>>> print(open('input32.txt').read())   # compact mmCIF, C-alpha atoms
# COMPACT_ATOMS: atom_id res chain seq x y z
CA MET F 1 6.10 -20.07 -1.48
CA THR F 2 2.96 -21.89 -2.65
CA SER F 3 2.00 -22.38 -6.32
CA ILE F 4 -0.81 -19.82 -5.87
CA GLN F 5 1.66 -17.23 -4.55
CA ARG F 6 4.05 -18.07 -7.41
CA ARG F 7 1.21 -17.44 -9.87
CA SER F 8 0.51 -14.07 -8.17
CA TRP F 9 4.14 -13.01 -8.61
CA MET F 10 4.14 -14.25 -12.21
CA LEU F 11 1.06 -12.14 -13.06
CA LEU F 12 2.50 -9.09 -11.26
CA SER F 13 5.81 -9.54 -13.13
CA LEU F 14 3.88 -9.76 -16.41
CA ALA F 15 2.02 -6.56 -15.46
CA ALA F 16 5.35 -4.84 -14.67
CA LEU F 17 6.71 -6.00 -18.04
CA GLY F 18 3.60 -4.62 -19.76
CA ALA F 19 3.98 -1.30 -17.88
CA ALA F 20 7.65 -1.11 -18.92
CA GLY F 21 6.67 -1.72 -22.55
CA MET F 22 3.85 0.82 -22.32
CA PHE F 23 6.00 3.60 -20.86
CA LEU F 24 9.51 2.86 -22.09
CA GLY F 25 9.05 0.70 -25.19
CA PRO F 26 10.19 2.05 -28.58
CA ASP F 27 7.48 3.33 -30.93
CA GLY F 28 8.59 1.23 -33.86
CA TRP F 29 10.30 -2.08 -33.08
CA LEU F 30 10.15 -4.54 -35.99
CA GLY F 31 7.21 -2.49 -37.26
CA ILE F 32 5.31 -2.88 -33.97
CA ASP F 33 4.30 0.03 -31.73
CA ILE F 34 5.25 -1.38 -28.29
CA GLY F 35 3.13 1.15 -26.32
CA PRO F 36 -0.35 -0.32 -27.07
CA VAL F 37 1.02 -3.90 -26.87
CA GLY F 38 2.49 -3.11 -23.43
CA ALA F 39 -0.82 -1.54 -22.32
CA ALA F 40 -2.73 -4.66 -23.49
CA VAL F 41 -0.31 -6.96 -21.60
CA LEU F 42 -0.49 -4.73 -18.49
CA TYR F 43 -4.28 -4.67 -18.29
CA ALA F 44 -4.69 -8.34 -19.30
CA ALA F 45 -2.26 -9.30 -16.51
CA LEU F 46 -4.07 -7.05 -14.01
CA TRP F 47 -7.48 -8.51 -14.87
CA LEU F 48 -6.09 -12.06 -14.64
CA PHE F 49 -4.59 -11.05 -11.28
CA ALA F 50 -8.02 -9.77 -10.19
CA LEU F 51 -9.63 -13.10 -11.20
CA HIS F 52 -6.82 -15.03 -9.51
CA LEU F 53 -7.35 -13.07 -6.27
CA TRP F 54 -11.11 -13.54 -6.53
CA LYS F 55 -10.61 -17.33 -6.61
CA HIS F 56 -7.71 -17.62 -4.14
CA ALA F 57 -7.89 -14.40 -2.07
CA ASP F 58 -6.83 -16.18 1.12
CA ALA F 59 -3.94 -18.18 -0.31
CA ALA F 60 -2.43 -15.56 -2.61
CA PHE F 61 -0.77 -13.69 0.28
CA PRO F 62 1.39 -15.02 3.14
CA ALA F 63 -0.76 -16.48 5.94
CA ASP F 64 0.61 -14.00 8.49
CA ALA F 65 -0.38 -10.94 6.42
CA SER F 66 -3.46 -9.16 7.82
CA LEU F 67 -6.23 -7.76 5.61
CA ALA F 68 -4.85 -4.22 6.14
CA GLU F 69 -1.40 -5.38 4.97
CA ARG F 70 -2.89 -7.08 1.91
CA GLN F 71 -4.88 -3.94 1.08
CA SER F 72 -1.76 -1.78 1.45
CA TRP F 73 0.17 -4.03 -0.98
CA ILE F 74 -2.63 -3.66 -3.53
CA ALA F 75 -2.78 0.11 -2.94
CA ALA F 76 1.01 0.41 -3.40
CA VAL F 77 0.82 -1.47 -6.74
CA PHE F 78 -2.06 0.64 -8.07
CA VAL F 79 -0.77 4.01 -6.84
CA SER F 80 2.58 3.16 -8.51
CA LEU F 81 0.68 2.44 -11.72
CA ILE F 82 -1.23 5.73 -11.44
CA ALA F 83 2.07 7.56 -10.75
CA LEU F 84 3.52 6.02 -13.95
CA HIS F 85 0.47 7.18 -15.96
CA TRP F 86 0.85 10.65 -14.48
CA LEU F 87 4.59 10.80 -15.27
CA ASN F 88 3.88 9.62 -18.82
CA PHE F 89 1.31 12.41 -19.16
CA LEU F 90 3.78 15.01 -17.80
CA LEU F 91 6.42 13.88 -20.30
CA MET F 92 3.91 14.46 -23.11
CA LEU F 93 3.06 18.02 -22.00
CA PRO F 94 5.98 19.85 -23.66
CA ASP F 95 5.03 18.31 -27.05
CA LEU F 96 1.41 19.40 -26.75
CA GLY F 97 2.05 23.13 -27.02
CA ALA F 98 -1.12 25.22 -26.69
CA THR F 99 -3.37 22.12 -26.42
CA ALA F 100 -1.76 21.35 -23.04
CA ASP F 101 -4.17 23.93 -21.61
CA GLN F 102 -7.21 22.09 -22.94
CA ILE F 103 -8.76 19.42 -20.77
CA SER F 104 -10.07 17.66 -23.91
CA SER F 105 -6.61 17.19 -25.47
CA PRO F 106 -5.90 13.56 -26.55
CA ALA F 107 -3.17 13.22 -23.89
CA SER F 108 -5.52 14.42 -21.12
CA ARG F 109 -8.24 12.06 -22.35
CA ARG F 110 -5.83 9.11 -22.43
CA PHE F 111 -4.62 9.96 -18.91
CA ALA F 112 -8.23 10.18 -17.67
CA VAL F 113 -9.10 6.79 -19.27
CA ASN F 114 -5.98 5.11 -17.81
CA LEU F 115 -6.71 6.66 -14.42
CA GLY F 116 -10.32 5.44 -14.54
CA MET F 117 -9.29 1.90 -15.56
CA SER F 118 -6.64 1.74 -12.83
CA LEU F 119 -9.08 2.94 -10.16
CA PHE F 120 -11.73 0.44 -11.34
CA ALA F 121 -9.23 -2.45 -11.31
CA TRP F 122 -8.05 -1.34 -7.83
CA ILE F 123 -11.63 -1.37 -6.48
CA VAL F 124 -12.33 -4.82 -8.00
CA ILE F 125 -9.13 -6.37 -6.61
CA ALA F 126 -9.55 -4.75 -3.18
CA ALA F 127 -13.14 -6.11 -3.03
CA ALA F 128 -11.90 -9.58 -4.07
CA VAL F 129 -9.31 -9.62 -1.28
CA ARG F 130 -11.82 -8.36 1.27
CA SER F 131 -14.37 -11.02 0.30
CA GLY F 132 -11.78 -13.75 0.89
CA ASN F 133 -10.91 -12.52 4.38
CA ARG F 134 -11.90 -15.06 7.05
CA GLU F 135 -10.80 -13.08 10.10
CA ALA F 136 -13.51 -11.77 12.43
CA VAL F 137 -11.62 -8.49 12.90
CA GLU F 138 -10.60 -6.54 9.79
CA LEU F 139 -8.73 -3.66 11.42
CA ASP F 140 -7.29 -3.41 14.93
CA GLU F 141 -5.15 -1.06 17.04
CA ARG F 142 -1.88 -2.24 15.45
CA ASP F 143 -3.19 -1.56 11.93
CA LEU F 144 -4.47 1.87 13.03
CA ARG F 145 -1.15 2.70 14.68
CA ILE F 146 0.73 1.83 11.48
CA GLN F 147 -1.76 3.87 9.43
CA HIS F 148 -1.34 6.90 11.73
CA ALA F 149 2.45 6.66 11.41
CA ALA F 150 2.05 6.46 7.61
CA ASP F 151 -0.29 9.49 7.65
CA ARG F 152 2.31 11.47 9.60
CA THR F 153 5.04 10.45 7.12
CA GLY F 154 2.85 11.35 4.12
CA SER F 155 1.84 14.71 5.63
CA GLY F 156 5.47 15.51 6.48
CA LEU F 157 6.58 14.71 2.94
CA MET F 158 3.74 16.81 1.51
CA ALA F 159 4.72 19.76 3.75
CA VAL F 160 8.35 19.49 2.54
CA LEU F 161 7.21 19.41 -1.10
CA ILE F 162 4.87 22.39 -0.63
CA ILE F 163 7.64 24.39 1.11
CA GLY F 164 9.93 23.49 -1.81
CA ILE F 165 7.35 24.75 -4.32
CA ILE F 166 6.84 27.96 -2.28
CA CYS F 167 10.61 28.58 -2.18
CA ALA F 168 10.91 27.91 -5.93
CA LEU F 169 8.01 30.30 -6.68
CA ALA F 170 9.43 32.99 -4.37
CA THR F 171 13.00 32.83 -5.65
CA GLN F 172 12.35 32.30 -9.38
CA PRO F 173 8.99 33.92 -10.16
CA GLU F 174 9.92 34.91 -13.72
CA ALA F 175 11.36 31.53 -14.68
CA LEU F 176 8.25 29.75 -13.37
CA ALA F 177 5.69 32.24 -14.73
CA PRO F 178 5.21 30.33 -18.05
CA TRP F 179 4.20 27.23 -16.01
CA MET F 180 1.51 29.10 -14.07
CA ARG F 181 -1.36 27.82 -16.20
CA PRO F 182 -4.49 26.32 -14.63
CA LEU F 183 -4.09 22.77 -16.00
CA ILE F 184 -0.38 22.61 -15.24
CA VAL F 185 -0.99 23.78 -11.66
CA ALA F 186 -3.86 21.25 -11.41
CA ASN F 187 -1.50 18.48 -12.60
CA ALA F 188 1.13 19.54 -10.06
CA LEU F 189 -1.52 19.25 -7.30
CA VAL F 190 -2.55 15.80 -8.60
CA GLY F 191 1.12 14.84 -8.50
CA LEU F 192 1.41 15.96 -4.88
CA LEU F 193 -1.56 13.77 -3.91
CA ILE F 194 -0.10 10.79 -5.81
CA VAL F 195 3.32 11.20 -4.13
CA LYS F 196 1.70 11.49 -0.67
CA THR F 197 -0.49 8.40 -1.19
CA LEU F 198 2.40 6.39 -2.63
CA ALA F 199 4.69 7.36 0.26
CA GLU F 200 2.02 6.34 2.80
CA ASN F 201 1.38 2.95 1.21
CA VAL F 202 5.07 2.14 0.75
CA PHE F 203 5.61 3.11 4.42
CA ILE F 204 2.77 0.75 5.49
CA VAL F 205 4.08 -2.16 3.39
CA VAL F 206 7.64 -1.70 4.73
CA ARG F 207 6.46 -1.36 8.37
CA TYR F 208 4.37 -4.56 8.20
CA ARG F 209 7.23 -6.42 6.58
CA ARG F 210 9.65 -5.20 9.25
CA GLU F 211 7.30 -6.25 12.04
CA ARG F 212 7.02 -9.74 10.55
CA ALA F 213 10.77 -10.16 9.94
CA MET U 1 20.15 5.35 30.71
CA SER U 2 19.56 1.72 29.69
CA GLU U 3 16.96 1.01 27.01
CA LEU U 4 13.78 -0.63 28.29
CA ALA U 5 11.32 -2.76 26.36
CA VAL U 6 7.98 -4.50 26.97
CA ARG U 7 8.49 -8.26 27.11
CA ASN U 8 5.66 -10.77 27.28
CA GLU U 9 4.82 -14.37 28.06
CA ILE U 10 1.74 -14.58 25.83
CA ARG U 11 2.91 -17.65 23.92
CA ARG U 12 3.87 -19.50 27.11
CA TRP U 13 0.50 -18.94 28.84
CA ARG U 14 -1.48 -19.51 25.64
CA GLN U 15 0.19 -22.89 25.08
CA GLU U 16 -0.79 -23.99 28.58
CA ASN U 17 -4.33 -24.24 27.27
CA PRO U 18 -4.39 -26.39 24.09
CA ALA U 19 -7.75 -24.93 23.04
CA MET U 20 -6.35 -21.41 23.05
CA THR U 21 -5.08 -21.00 19.49
CA GLN U 22 -3.77 -17.69 18.15
CA ALA U 23 -7.05 -17.30 16.25
CA GLU U 24 -9.11 -17.95 19.40
CA LEU U 25 -7.07 -15.50 21.49
CA ALA U 26 -7.41 -12.92 18.70
CA ARG U 27 -11.18 -13.44 18.60
CA ILE U 28 -11.55 -13.05 22.37
CA CYS U 29 -9.40 -9.88 22.45
CA GLY U 30 -10.95 -8.34 19.31
CA VAL U 31 -7.75 -8.12 17.27
CA THR U 32 -6.42 -9.85 14.16
CA ARG U 33 -4.49 -13.11 14.39
CA GLN U 34 -1.55 -11.25 12.83
CA THR U 35 -1.43 -8.92 15.84
CA ILE U 36 -1.18 -11.93 18.17
CA ILE U 37 1.68 -13.25 15.97
CA ALA U 38 3.43 -9.84 16.20
CA LEU U 39 2.87 -9.70 19.98
CA GLU U 40 4.24 -13.20 20.56
CA ALA U 41 7.28 -12.35 18.46
CA GLU U 42 7.65 -9.14 20.57
CA LYS U 43 7.52 -7.03 17.42
CA TYR U 44 4.63 -5.01 18.78
CA SER U 45 3.83 -3.47 22.18
CA PRO U 46 0.08 -3.44 22.88
CA SER U 47 -2.00 -0.59 24.26
CA LEU U 48 -2.83 -0.76 27.95
CA GLU U 49 -6.40 -1.82 27.13
CA LEU U 50 -5.25 -4.68 24.91
CA ALA U 51 -2.71 -5.75 27.53
CA PHE U 52 -5.54 -6.06 30.10
CA ARG U 53 -7.71 -7.95 27.60
CA LEU U 54 -4.89 -10.39 26.88
CA ALA U 55 -4.21 -10.97 30.57
CA ARG U 56 -7.92 -11.58 31.21
CA ALA U 57 -8.21 -13.95 28.22
CA LEU U 58 -5.20 -15.92 29.47
CA ASP U 59 -6.59 -15.87 33.02
CA ARG U 60 -3.41 -14.30 34.38
CA LYS U 61 -2.44 -11.12 36.20
CA LEU U 62 -1.07 -8.35 33.99
CA GLU U 63 2.40 -8.60 35.53
CA GLU U 64 2.50 -12.35 34.83
CA VAL U 65 1.99 -11.70 31.12
CA PHE U 66 3.99 -8.49 30.64
CA ARG U 67 7.36 -7.32 31.97
CA PHE U 68 9.14 -4.04 31.48
CA GLU U 69 12.86 -4.74 31.36
CA GLU U 70 16.14 -3.99 29.66
CA LYS U 71 16.48 -5.00 26.02
>>> encode(input="input32.txt", output="structure tokens")
Amino acid sequence: MTSIQRRSWMLLSLAALGAAGMFLGPDGWLGIDIGPVGAAVLYAALWLFALHLWKHADAAFPADASLAERQSWIAAVFVSLIALHWLNFLLMLPDLGATADQISSPASRRFAVNLGMSLFAWIVIAAAVRSGNREAVELDERDLRIQHAADRTGSGLMAVLIIGIICALATQPEALAPWMRPLIVANALVGLLIVKTLAENVFIVVRYRRERA
Amino acid sequence: MSELAVRNEIRRWRQENPAMTQAELARICGVTRQTIIALEAEKYSPSLELAFRLARALDRKLEEVFRFEEK
């Protein structure tokens, strides 16, 4: 592992530590609210990672990783981050009471801001990696074959989840009736999309890794 | 029934020509260098079209580059 790759892992570890502090950290530890500190560490590490990739896009990944593999690694990291934001938002819903149905509630706003920042950082980092690519071909038949296999896996998982939701709605309509509110249903649909995208990207990362092993 | 797999001699024929690097072969065939690495390691079986392109780039017959045999 080169020093540039070591620095990449260090920044990603710092981001993971920040995410852990943001989502799991206690509210009052030695008089400090860990949540905002964790968020600051997470986003500082991600922006430093973006700068690092901008400068050393070619050397930050293993030499035998194609552009599609690099992009799938980045996608897996950012979709995981978005999934964590979404889970955090879901955990807040029971405490919101009636305001959970309002799109302008503070929790919804915070989720939207975090989602926007994550998507922006994702676009910047993906562009940095693409600009550092020196290969004449960006995507070939092997990449497309892996992506099709990932699409099939993601669609299969989504079908299973939808069938599960249909069965739950059909067998327990009264128990689930209180959850049938527009914003909660919308969040469930967002969750389905996040799970599908995450499953696809993890599949791609694992398949490339297996083919290189 | 025995399990069959596509085997290849891409590395062997490529190394016969010192100018034919993995990057050069990838450029000629219109694929990424990583796909050539995966092919040479027999981690990936190419499409028929890519197999013909590889054979042409290496100036060999298809059956000299690829074999279909037991694992």
>>> interface_residues(input="input32.txt", of="chain U", to="chain F", cutoff="8 Å", atoms="only C-alpha atoms", output="list in words")
Arg27, Gly30, Val31, Thr32, Arg33, Gln34, Thr35, Ile37, Ala38, Lys43, Tyr44, Pro46 and Ser47 of chain U
>>> residues_around(input="input32.txt", residues="Trp9 of chain F", least_positions_apart="4", cutoff="12 Å", atoms="all atoms listed in the file", output="PyMOL selection string")
chain F and resi 1-5+13-16+45-46+48-49+52-53+60-61
>>> atom_distance(input="input32.txt", atom1="atom CA of Val124 of chain F", atom2="atom CA of Gly191 of chain F")
23.8 Å
>>> closest_residue(input="input32.txt", among="U:Ala51, U:Ile36, U:Leu62, U:Ala57", to="Arg11 of chain U", atoms="all atoms listed in the file")
U:Ile36
>>> residues_near_point(input="input32.txt", point="(-2.4, -18.5, 26.2)", cutoff="10 Å", atoms="only C-alpha atoms", output="PyMOL selection string")
chain U and resi 9-22+24-25+54-55+57-60+65
>>> write_last_selection(input="input32.txt", atoms="C-alpha atoms", output="PDB file, in the coordinates of the input")
ATOM      1  CA  GLU U   9       4.820 -14.370  28.060  1.00  0.00           C
ATOM      2  CA  ILE U  10       1.740 -14.580  25.830  1.00  0.00           C
ATOM      3  CA  ARG U  11       2.910 -17.650  23.920  1.00  0.00           C
ATOM      4  CA  ARG U  12       3.870 -19.500  27.110  1.00  0.00           C
ATOM      5  CA  TRP U  13       0.500 -18.940  28.840  1.00  0.00           C
ATOM      6  CA  ARG U  14      -1.480 -19.510  25.640  1.00  0.00           C
ATOM      7  CA  GLN U  15       0.190 -22.890  25.080  1.00  0.00           C
ATOM      8  CA  GLU U  16      -0.790 -23.990  28.580  1.00  0.00           C
ATOM      9  CA  ASN U  17      -4.330 -24.240  27.270  1.00  0.00           C
ATOM     10  CA  PRO U  18      -4.390 -26.390  24.090  1.00  0.00           C
ATOM     11  CA  ALA U  19      -7.750 -24.930  23.040  1.00  0.00           C
ATOM     12  CA  MET U  20      -6.350 -21.410  23.050  1.00  0.00           C
ATOM     13  CA  THR U  21      -5.080 -21.000  19.490  1.00  0.00           C
ATOM     14  CA  GLN U  22      -3.770 -17.690  18.150  1.00  0.00           C
ATOM     15  CA  GLU U  24      -9.110 -17.950  19.400  1.00  0.00           C
ATOM     16  CA  LEU U  25      -7.070 -15.500  21.490  1.00  0.00           C
ATOM     17  CA  LEU U  54      -4.890 -10.390  26.880  1.00  0.00           C
ATOM     18  CA  ALA U  55      -4.210 -10.970  30.570  1.00  0.00           C
ATOM     19  CA  ALA U  57      -8.210 -13.950  28.220  1.00  0.00           C
ATOM     20  CA  LEU U  58      -5.200 -15.920  29.470  1.00  0.00           C
ATOM     21  CA  ASP U  59      -6.590 -15.870  33.020  1.00  0.00           C
ATOM     22  CA  ARG U  60      -3.410 -14.300  34.380  1.00  0.00           C
ATOM     23  CA  VAL U  65       1.990 -11.700  31.120  1.00  0.00           C
TER      24      VAL U  65
END
>>> residues_near_point(input="input32.txt", point="(4.4, 4.7, -19.1)", cutoff="6 Å", atoms="only C-alpha atoms", output="list in words")
Met22, Phe23, Leu84, His85 and Asn88 of chain F
